[in-house]
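Okay, structure first, notes after.
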Amino acid sequence: MSAALNHILFFLLTIRWQDIADIALNSFILFRLYILFKGTKVFRMLIGIVLLWFCQEIAFSLRFIVTSLVIQGITAVSALIIIVVFSNEIRSVFQAKNLKAILWEFPRKTIQTPVEIIADSIFEMARKYCGALIVFPGKDDLKEIIQNGLPWDGLVSKEMIMSIFWYGNPVHDGAAVIQGDRVTEVGVILPLSKRNLPASYGTRHRAAKGLIEVSDALVVVVSEERGSVLAAKGNRLNVLYDKEELEKELLEHAGVQVRQQGDRKEKLSLCTAGLICMLCVTGIWFGITRGLNTLIALEVPIEYMNRDSAVKIVSATINTVRVHLSGSDILIKSVRPEQVRVKIDLSKAVIGHNSFPIKKEDITLPPGIFLTKIEPDVVEMKIESPVKLEVPITCINLDPALEMINTSAAMAYLHLSGPDDLIKSVRPEECQVKADLSKAVEGINTVPVMKENIVLPPAITLKKLEPDTIEIKVGRLISKELPIQADWTGKLDERFILTEVRISPEKILVKGNPRILENFSTIYTEKIPLDNIEKSGNLTVKLEINGSKIKIAPDFQDKAEVRYVIRERIGGIAGYE
C-alpha cells in the first residue's frame, strides 16, 4: 500500500505547471471543436478518427506492429478525406462566425415560450392601437360566468393572437381565453362591473373588472384609444409598461418560477462534454508522457551561466555530468544529447573555492522527459581574484554638530570585474567609496561600508571590498555668533564717496572645532569691487568661508545682502545724488 502511495506521490510531484496548462489548452481546443461541429457530419467523422486513434494506441501497446501501422495509415487518410470532402461544411462553420464566436461563444436555440409569445403579441397590438381582451383562467370555473364563446383550441402563436383581435375579424370585440399554450375560446362576453371606474376606462376595462370581481382569473386589456396595457386580477388594476412586467404577471398567475428546463439540460450537456474532453486529453497526455517508461543515461557538458568576464575559473572537479532520464518509449527514443542542458549559475561565485550543488532546476529537459538521477551532483571549482584598486573613503551625512577627527582606514581596496576592454582602463578616480555617518555619535564609531554607497563606472561590478567596516573618531562642534563685514576691493571713482553700508544679517551663527573658532572674530563677504559703482544699490554676496574649517548653522544661509549709499562730491563737498 505504501509503495502505491509513494508512486502516486512521485507522479504528482513530477507534474509541472506546463503540463497542467498543456492539458487545459488542448481540452479547451477539443471542447470548442465539439461546440462548433456538434450536429454536423464532420463531427461524426471526427469521432470515428478518435476511435481509430485509440485502437492504434492499444495495438501499439500490445506490440501489434503491422496492425498499429495499418490503423495509423487509415487515420491519416481519413483526416485527409474529411478536409477534402467536407471542406465546404468546415468553411461555413468558420466563415459564419467572428473570432469571439469561435473562441468563446456558445450556440443558443431561440425557442420562445408561450409567455414570451403572448407578451410580445400584446405589446405589438398596443403599438398598433389594436384593442384586445385576453382572459387567463385561475382555479375557478368560468363556464357559468362567461358567455357566447366560440371553441377554438389553437396553439398559441403571435399570428393567431393578432388575427383574433384584428378589427375585421367578427370576434375581435369579444375576449379570448388562453389556457397553457392553447387558445380555448374566442368572442367571449364577460360580465360588466357595476362599480364606478375612471371615465377613461372603456367597455373592455369594465368587462375585465367585472370578471375579476367574481373569479380569480387574470385579465389583460389593450386600450384601443391609448395603446396602453393593463393587467387586472383580484382588486388591482396595474398598468404595464414593458414585456418583462407582463411576463412576470403571467408567470406569477400560473404559479411558475422563471426557469428554463431546456437551458439547464443544455448547460448540463456542455459541462459533460467539457469533462469528457478534459478526460480524453488527460488520457492522451498520460499515454504519451508516462506510458511504457524507458530509462536512458546521457553524458551532458556543464554550461556556466552569468559568469563575470573578468573572473577566471582556475580549476573544476568535473566538466560533464551523467543524467538518468525516464519517459515514454516514443519520446525517450527521440531525445538527443543537445536537447538536454545542465546550467550552473555563477552570479554568486566568490573569489577562491566554490561549491555548487546541481539541482533539478538547473537541468533543462524536453517536454515529457523526466530526471531520475544526477551523477555527480556537486561541482567544486576555484576562481582567481579579479582587478584590485585602492580608492579613498569619503564620509557623508555627518551631523553638522559633529566633526570627524580620525579614521582607521582612509582607503578601501575594491576587487572589480567586468569586460576585458573596460576593466583594464578603470582608474581609481572613476570610483567612489562612501561611508554613511548619519548614525555617528561623539566618540569612536564602527561604520560599515555598504555596497550601495560604492559608485563604479558602467558595466563594472564589485566582487569584494576591503575593509568592509571602518572605525571613525568623531568630536562635537561648538557654535559661535560672528559679525559679517563687507570686503571691498578696488577704488571708488573720485567723484563719489561711500557714505553708508548696511549688511543683512549683521551676524551669523557658525559651528566648528573649539580650537579653530577661537581664532575667528569676523566673517567677511566675498570681494566686492568698487571700480564700477556709481550709485547706491543692493548686492547679494556669498560669505567667504570656503577653505576654513567652520560651517554655517542650519538656520542660516551662506549669503548676505549688502545695502550701500553713494554720494556725489559737489564743489569738494559730498552731497546726495
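Identifiers in this document derive from the order of the C-alpha cells: chains are assigned A, B, ..., residues are numbered from 1 separately in each chain, and ligands are numbered from 1 in order of occurrence.
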For this session: Name the residues of region 139-354 of chain A that fall into helix (DSSP H, G or I) according to DSSP on the backbone, using the chain letters and numbers of this document, as a count of residues only.
Result: 67
Neighbouring residues of region 514-529 of chain A were defined as those with any atom within 6 Å, considering only C-alpha atoms; residues of the same chain fewer than 6 positions away were excluded. Please report them as a CSV table (one decimal) with C-alpha atoms, in the first residue's frame.
```csv
chain,number,residue,atom,x,y,z
A,482,LEU,CA,30.2,86.3,14.4
A,483,PRO,CA,29.6,89.7,12.8
A,484,ILE,CA,29.6,90.0,9.0
A,485,GLN,CA,31.8,92.6,7.3
A,486,ALA,CA,31.8,93.5,3.6
A,487,ASP,CA,35.2,93.1,1.9
A,488,TRP,CA,35.6,95.9,-0.5
A,489,THR,CA,38.2,95.9,-3.2
A,490,GLY,CA,39.4,98.4,-5.8
A,542,LYS,CA,28.4,85.0,-0.6
A,543,LEU,CA,30.3,84.7,2.6
A,544,GLU,CA,33.9,83.8,2.4
```
Do a neighbour search on Val379 (chain A) at 8 Å with only C-alpha atoms, toss out local chain neighbours closer than 5 positions, and write the hits as an mmCIF file with N, CA, C and O atoms, in the first residue's frame.
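Final output, part_22.cif:
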```cif
data_model
loop_
_atom_site.group_PDB
_atom_site.id
_atom_site.type_symbol
_atom_site.label_atom_id
_atom_site.label_comp_id
_atom_site.auth_asym_id
_atom_site.auth_seq_id
_atom_site.Cartn_x
_atom_site.Cartn_y
_atom_site.Cartn_z
ATOM 1 N N ALA A 316 38.221 23.026 -12.014
ATOM 2 C CA ALA A 316 36.895 22.476 -11.705
ATOM 3 C C ALA A 316 37.009 20.963 -11.620
ATOM 4 O O ALA A 316 37.744 20.348 -12.400
ATOM 5 N N THR A 317 36.282 20.364 -10.685
ATOM 6 C CA THR A 317 36.386 18.914 -10.480
ATOM 7 C C THR A 317 35.807 18.125 -11.651
ATOM 8 O O THR A 317 36.285 17.049 -11.973
ATOM 9 N N ILE A 318 34.749 18.651 -12.293
ATOM 10 C CA ILE A 318 34.116 17.947 -13.415
ATOM 11 C C ILE A 318 33.734 18.952 -14.491
ATOM 12 O O ILE A 318 33.530 20.144 -14.213
ATOM 13 N N SER A 355 31.637 25.838 -4.148
ATOM 14 C CA SER A 355 30.969 24.543 -4.273
ATOM 15 C C SER A 355 29.536 24.790 -4.725
ATOM 16 O O SER A 355 28.770 25.492 -4.066
ATOM 17 N N PHE A 356 29.170 24.203 -5.891
ATOM 18 C CA PHE A 356 27.837 24.396 -6.454
ATOM 19 C C PHE A 356 27.102 23.068 -6.557
ATOM 20 O O PHE A 356 27.516 22.187 -7.325
ATOM 21 N N PRO A 357 26.010 22.880 -5.800
ATOM 22 C CA PRO A 357 25.199 21.673 -5.982
ATOM 23 C C PRO A 357 24.405 21.752 -7.279
ATOM 24 O O PRO A 357 23.910 22.833 -7.655
ATOM 25 N N ILE A 358 24.267 20.635 -7.986
ATOM 26 C CA ILE A 358 23.483 20.584 -9.228
ATOM 27 C C ILE A 358 22.090 20.110 -8.868
ATOM 28 O O ILE A 358 21.889 18.970 -8.427
#
```
For this session: Would you mind listing what lies within 12 Å of Glu245 (chain A) as an NGL selection string, with only C-alpha atoms counted and same-chain residues fewer than 2 positions away left out?
Result: :A and (115-116 or 119-120 or 123 or 229-231 or 238-243 or 247-252)
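Residue nearest His415 (chain A) within the list A:Leu456, A:Val340, A:Ile122, A:Leu69: A:Leu456 [criterion: smallest interatomic distance, only C-alpha atoms].
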For this session: Have a look at A:Arg307, A:Asp436, A:Ser223, A:Val314 and name the one nearest to Thr203 (chain A); count only C-alpha atoms.
Result: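 Counting only C-alpha atoms, the residue closest to Thr203 (chain A) is A:Ser223.
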Exercise. Neighbours of Lys348 (chain A) within 12 Å (only C-alpha atoms; same-chain residues fewer than 4 positions away dropped), as a list in words?
Worked result: Tyr304, Met305, Asn306, Arg307, Asp308, Val311, Ile344, Asn354, Ser355, Phe356, Ile383, Leu462, Lys463 and Lys464 of chain A
Keeping only all heavy atoms, write the selected residues to a file as a tab-separated table (two decimals), in the first residue's frame.
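Final output, out-v3.tsv:
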```tsv
chain	number	residue	atom	x	y	z
A	304	TYR	N	28.21	27.16	-17.84
A	304	TYR	CA	28.28	28.14	-16.75
A	304	TYR	C	27.57	29.41	-17.19
A	304	TYR	O	27.94	30.04	-18.18
A	304	TYR	CB	29.73	28.42	-16.39
A	304	TYR	CG	30.45	27.19	-15.86
A	304	TYR	CD1	31.44	26.57	-16.62
A	304	TYR	CD2	30.10	26.65	-14.63
A	304	TYR	CE1	32.09	25.44	-16.13
A	304	TYR	CE2	30.75	25.51	-14.15
A	304	TYR	CZ	31.74	24.91	-14.91
A	304	TYR	OH	32.35	23.79	-14.44
A	305	MET	N	26.54	29.78	-16.41
A	305	MET	CA	25.72	30.95	-16.73
A	305	MET	C	26.09	32.12	-15.81
A	305	MET	O	26.50	31.92	-14.66
A	305	MET	CB	24.24	30.61	-16.57
A	305	MET	CG	23.81	29.33	-17.26
A	305	MET	SD	24.11	29.35	-19.03
A	305	MET	CE	22.95	30.63	-19.52
A	306	ASN	N	25.87	33.35	-16.32
A	306	ASN	CA	26.09	34.58	-15.56
A	306	ASN	C	27.52	34.66	-15.01
A	306	ASN	O	27.74	35.15	-13.89
A	306	ASN	CB	25.08	34.70	-14.40
A	306	ASN	CG	23.65	34.68	-14.88
A	306	ASN	OD1	23.32	35.28	-15.89
A	306	ASN	ND2	22.80	33.95	-14.18
A	307	ARG	N	28.48	34.18	-15.77
A	307	ARG	CA	29.88	34.23	-15.33
A	307	ARG	C	30.46	35.59	-15.66
A	307	ARG	O	30.36	36.07	-16.78
A	307	ARG	CB	30.69	33.13	-16.00
A	307	ARG	CG	32.14	33.07	-15.53
A	307	ARG	CD	32.83	31.84	-16.05
A	307	ARG	NE	33.03	31.89	-17.49
A	307	ARG	CZ	34.13	32.40	-18.06
A	307	ARG	NH1	35.09	32.92	-17.32
A	307	ARG	NH2	34.25	32.39	-19.37
A	308	ASP	N	31.08	36.22	-14.66
A	308	ASP	CA	31.73	37.51	-14.85
A	308	ASP	C	32.89	37.32	-15.83
A	308	ASP	O	33.70	36.41	-15.68
A	308	ASP	CB	32.24	38.02	-13.51
A	308	ASP	CG	32.55	39.51	-13.56
A	308	ASP	OD1	33.04	39.97	-14.60
A	308	ASP	OD2	32.30	40.19	-12.55
A	311	VAL	N	36.28	37.24	-14.24
A	311	VAL	CA	36.55	36.14	-13.32
A	311	VAL	C	37.02	34.93	-14.13
A	311	VAL	O	36.41	34.59	-15.14
A	311	VAL	CB	35.29	35.79	-12.50
A	311	VAL	CG1	35.50	34.52	-11.71
A	311	VAL	CG2	34.93	36.94	-11.59
A	344	ILE	N	24.83	25.95	-14.60
A	344	ILE	CA	25.19	26.35	-13.25
A	344	ILE	C	25.34	27.86	-13.21
A	344	ILE	O	26.06	28.45	-14.02
A	344	ILE	CB	26.50	25.66	-12.80
A	344	ILE	CG1	26.28	24.15	-12.70
A	344	ILE	CG2	26.98	26.21	-11.46
A	344	ILE	CD1	27.49	23.38	-12.27
A	354	ASN	N	34.80	27.47	-4.45
A	354	ASN	CA	33.33	27.49	-4.57
A	354	ASN	C	32.81	26.07	-4.73
A	354	ASN	O	33.47	25.23	-5.37
A	354	ASN	CB	32.90	28.31	-5.80
A	354	ASN	CG	33.22	29.78	-5.66
A	354	ASN	OD1	32.39	30.57	-5.24
A	354	ASN	ND2	34.45	30.16	-6.02
A	355	SER	N	31.64	25.84	-4.15
A	355	SER	CA	30.97	24.54	-4.27
A	355	SER	C	29.54	24.79	-4.73
A	355	SER	O	28.77	25.49	-4.07
A	355	SER	CB	30.98	23.81	-2.93
A	355	SER	OG	30.33	22.56	-3.05
A	356	PHE	N	29.17	24.20	-5.89
A	356	PHE	CA	27.84	24.40	-6.45
A	356	PHE	C	27.10	23.07	-6.56
A	356	PHE	O	27.52	22.19	-7.32
A	356	PHE	CB	27.92	25.02	-7.86
A	356	PHE	CG	28.50	26.40	-7.85
A	356	PHE	CD1	29.84	26.61	-8.18
A	356	PHE	CD2	27.72	27.49	-7.52
A	356	PHE	CE1	30.37	27.88	-8.18
A	356	PHE	CE2	28.25	28.78	-7.53
A	356	PHE	CZ	29.58	28.97	-7.85
A	383	ILE	N	38.18	29.98	-8.27
A	383	ILE	CA	38.10	31.18	-9.09
A	383	ILE	C	39.19	32.15	-8.65
A	383	ILE	O	39.38	32.39	-7.46
A	383	ILE	CB	36.72	31.83	-8.97
A	383	ILE	CG1	35.65	30.88	-9.51
A	383	ILE	CG2	36.66	33.16	-9.70
A	383	ILE	CD1	34.24	31.38	-9.39
A	462	LEU	N	31.36	45.04	-8.49
A	462	LEU	CA	32.21	44.81	-7.32
A	462	LEU	C	32.12	43.34	-6.91
A	462	LEU	O	31.02	42.81	-6.72
A	462	LEU	CB	31.75	45.71	-6.17
A	462	LEU	CG	32.52	45.57	-4.86
A	462	LEU	CD1	33.93	46.11	-5.02
A	462	LEU	CD2	31.79	46.31	-3.74
A	463	LYS	N	33.26	42.71	-6.76
A	463	LYS	CA	33.31	41.33	-6.31
A	463	LYS	C	33.64	41.21	-4.83
A	463	LYS	O	33.15	40.34	-4.13
A	463	LYS	CB	34.34	40.53	-7.12
A	463	LYS	CG	34.05	40.46	-8.60
A	463	LYS	CD	32.70	39.80	-8.88
A	463	LYS	CE	32.67	38.33	-8.51
A	463	LYS	NZ	31.40	37.68	-8.84
A	464	LYS	N	34.51	42.14	-4.34
A	464	LYS	CA	34.91	42.08	-2.94
A	464	LYS	C	35.38	43.46	-2.50
A	464	LYS	O	35.90	44.24	-3.30
A	464	LYS	CB	36.03	41.05	-2.75
A	464	LYS	CG	36.35	40.74	-1.29
A	464	LYS	CD	37.41	39.65	-1.20
A	464	LYS	CE	37.74	39.31	0.25
A	464	LYS	NZ	38.78	38.26	0.34
```
Exercise. Of the residues A:Asp555, A:Asp345, A:Glu442, A:Glu534, which is the one nearest to Ile508 (chain A), using only C-alpha atoms?
Worked result: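 Of all the options, A:Asp555 lies closest to Ile508 (chain A).
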Problem set entry | Residue neighbourhood Lys359 (chain A), 12 Å, only C-alpha atoms, exclusion window fewer than 4 positions, as a VMD selection string | chain A and resid 321 323 342 to 345 363 to 364 371 to 379
Problem set entry | strand (DSSP E) positions in region 315-396 of chain A, given as a ChimeraX atom specification | /A:315-316,320-328,341-345,352-357,363-364,370-375,378-383,387-396
Save the residues we just selected, C-alpha atoms, as a tab-separated table (two decimals), in the first residue's frame?
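So the final result, stored in again.tsv, reads:
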```
chain	number	residue	atom	x	y	z
A	315	SER	CA	40.08	24.57	-11.87
A	316	ALA	CA	36.90	22.48	-11.70
A	320	THR	CA	30.30	16.88	-17.62
A	321	VAL	CA	27.57	15.14	-15.64
A	322	ARG	CA	25.68	11.93	-16.27
A	323	VAL	CA	21.91	12.41	-16.24
A	324	HIS	CA	19.50	9.48	-15.97
A	325	LEU	CA	16.20	10.15	-17.77
A	326	SER	CA	12.83	8.42	-17.98
A	327	GLY	CA	9.80	8.77	-20.23
A	328	SER	CA	7.56	7.01	-22.67
A	341	ARG	CA	21.31	21.16	-20.86
A	342	VAL	CA	22.97	21.42	-17.46
A	343	LYS	CA	23.38	25.03	-16.35
A	344	ILE	CA	25.19	26.35	-13.25
A	345	ASP	CA	24.64	29.93	-12.14
A	352	GLY	CA	38.65	31.39	-4.05
A	353	HIS	CA	36.99	28.00	-3.51
A	354	ASN	CA	33.33	27.49	-4.57
A	355	SER	CA	30.97	24.54	-4.27
A	356	PHE	CA	27.84	24.40	-6.45
A	357	PRO	CA	25.20	21.67	-5.98
A	363	ILE	CA	18.67	20.88	-15.88
A	364	THR	CA	16.58	21.65	-18.98
A	370	PHE	CA	11.80	13.31	-16.50
A	371	LEU	CA	15.03	13.34	-14.50
A	372	THR	CA	15.64	10.40	-12.17
A	373	LYS	CA	19.29	10.83	-11.14
A	374	ILE	CA	22.35	13.13	-11.48
A	375	GLU	CA	25.96	11.90	-11.22
A	378	VAL	CA	28.19	18.77	-6.88
A	379	VAL	CA	30.80	20.81	-8.79
A	380	GLU	CA	33.87	22.11	-6.95
A	381	MET	CA	35.83	24.95	-8.55
A	382	LYS	CA	38.44	27.61	-7.82
A	383	ILE	CA	38.10	31.18	-9.09
A	387	VAL	CA	41.30	43.52	-10.63
A	388	LYS	CA	42.12	45.36	-7.36
A	389	LEU	CA	42.02	49.19	-6.95
A	390	GLU	CA	42.81	51.50	-3.99
A	391	VAL	CA	40.14	54.21	-3.60
A	392	PRO	CA	39.82	56.91	-0.85
A	393	ILE	CA	36.84	56.63	1.52
A	394	THR	CA	34.55	59.68	1.60
A	395	CYS	CA	32.46	60.22	4.75
A	396	ILE	CA	28.92	61.53	4.14
```
Exercise. Which of these residues is nearest to Ile74 (chain A), using only C-alpha atoms: A:Pro467, A:Pro337, A:Gly255, A:Gly48?
Worked result: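 The answer is A:Gly48, which sits nearest to Ile74 (chain A).
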Exercise. With only C-alpha atoms as the atoms that count, which of A:Gln432, A:Leu51, A:Met404, A:Glu561 lies nearest to Gly512 (chain A)?
Worked result: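 Answer, going by the shortest atom-to-atom distance: A:Met404.
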